[in-house]
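What follows is a single structure, written as structure tokens, with notes after it.
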Amino acid sequence: MTDVDTSALAPTPDDTPAFIAPVAMENDPDALFAGDRGILDADVRRVLVRILQRRFLLAENSPAEWKLLLEHQQMIESRLNDLFVRLVVDHDRGVAYKEQVRSDEVDVPILLKDEAYSRAETLVLVYLRTVFQRETTSGAPSARVDVEEVEQTVLTYFAESDGTRASQQRAVRTAIARLDREGIIEEESEGRYRIGPLIEIVLSAEVLRELQRWLDEQTPDAEPATSGDVEAVASLREEQNA
């Protein structure tokens, strides 16, 4: 009987063990929670979550997050692409936002849903975009509006069938409040707003021209436009988490 040379079975420094013992969380400084398999630092993960949570990330309002986004843009883009979501970074305007990937060649599950702006919101956007374009074209460093002047213009496009004047004013005020929350405008003093460059992304020059042409065709005797009419012309969509 020949003895087995057990020394030949002993692991060498180059051998890799067949099984790797799990590392307890307290012994793994990179783990943020039990079972964590993520590779991003905590701060970068938070930026990724902010991109998914919000419609826009603004450099002006979130400078620290913006800095992290630019430093780790490729990695964040990779994580979003895994979800069929595209990251768009506008360096000139200091704006980052996400878009749902859609393709005729690939079966893409939809994570983000489209929600069109309401009629009042669309009309307010048109007025804000018009003022912003006029002021910036003339060389002004920024554009500002008062809530009263927004109401005065937007209410001219409402018909009697759209409710009482009070309800119409509420709709306009609600639209202004939403656009303020989204960062499209910023209230500097009571009733006075600064229009941010984000308006150019939300409402392109091409869409603005289409809407202005459509609105110019409306007369007091014309059939009142429905919410769907305005939304169809504007083609404005808000991409949100499903």
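Chain lettering (A, B, ...) mirrors the order of the structure tokens, residue numbering begins at 1 for each chain separately, and ligand numbering begins at 1 in order of display.
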Worksheet item: Which residues come within 9 Å of segment 189-200 of chain A, counting only C-alpha atoms, excluding same-chain residues fewer than 2 positions away, as a count of residues only?
Response: 28
Practice prompt. Using DSSP on the backbone, list every residue of segment 22-185 of chain A that comes out as helix (DSSP H, G or I), and give them as a PyMOL selection string.
Written response: chain A and resi 25-27+42-53+63-71+73-81+119-137+147-157+160-162+165-181
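Proximity ranking of A:Leu111, A:Leu123, A:Val106, A:Ala140 relative to Leu155 of chain A places A:Leu123 first, based on only C-alpha atoms.
Rounded to one decimal, atom CA of Ala116 of chain A and atom CA of Leu48 of chain A lie 24.5 Å from each other.
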Item to complete: Show which residues sit within 8 Å of Val85 of chain A, as a ChimeraX atom specification. Count only C-alpha atoms, and ignore same-chain residues fewer than 5 positions away.
Response: /A:80,98-101,111
Next, dump the selected residues to file, keeping only N, CA, C and O atoms, as an mmCIF file, in the first residue's frame.
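Written output follows (out-v8.cif):
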```cif
data_model
loop_
_atom_site.group_PDB
_atom_site.id
_atom_site.type_symbol
_atom_site.label_atom_id
_atom_site.label_comp_id
_atom_site.auth_asym_id
_atom_site.auth_seq_id
_atom_site.Cartn_x
_atom_site.Cartn_y
_atom_site.Cartn_z
ATOM 1 N N LEU A 80 -28.009 54.099 -13.576
ATOM 2 C CA LEU A 80 -29.295 54.469 -14.160
ATOM 3 C C LEU A 80 -29.547 53.701 -15.455
ATOM 4 O O LEU A 80 -30.677 53.279 -15.724
ATOM 5 N N LYS A 98 -33.348 63.117 -15.464
ATOM 6 C CA LYS A 98 -33.383 61.758 -15.989
ATOM 7 C C LYS A 98 -34.434 61.645 -17.079
ATOM 8 O O LYS A 98 -35.411 62.402 -17.095
ATOM 9 N N GLU A 99 -34.237 60.695 -17.966
ATOM 10 C CA GLU A 99 -35.192 60.418 -19.037
ATOM 11 C C GLU A 99 -35.394 58.917 -19.148
ATOM 12 O O GLU A 99 -34.454 58.130 -18.995
ATOM 13 N N GLN A 100 -36.616 58.527 -19.422
ATOM 14 C CA GLN A 100 -36.912 57.123 -19.665
ATOM 15 C C GLN A 100 -36.385 56.720 -21.036
ATOM 16 O O GLN A 100 -36.642 57.383 -22.033
ATOM 17 N N VAL A 101 -35.612 55.655 -21.094
ATOM 18 C CA VAL A 101 -35.137 55.133 -22.372
ATOM 19 C C VAL A 101 -36.290 54.423 -23.069
ATOM 20 O O VAL A 101 -37.001 53.625 -22.451
ATOM 21 N N LEU A 111 -39.947 52.374 -16.246
ATOM 22 C CA LEU A 111 -39.839 52.687 -14.827
ATOM 23 C C LEU A 111 -40.465 54.042 -14.522
ATOM 24 O O LEU A 111 -41.120 54.221 -13.494
#
```
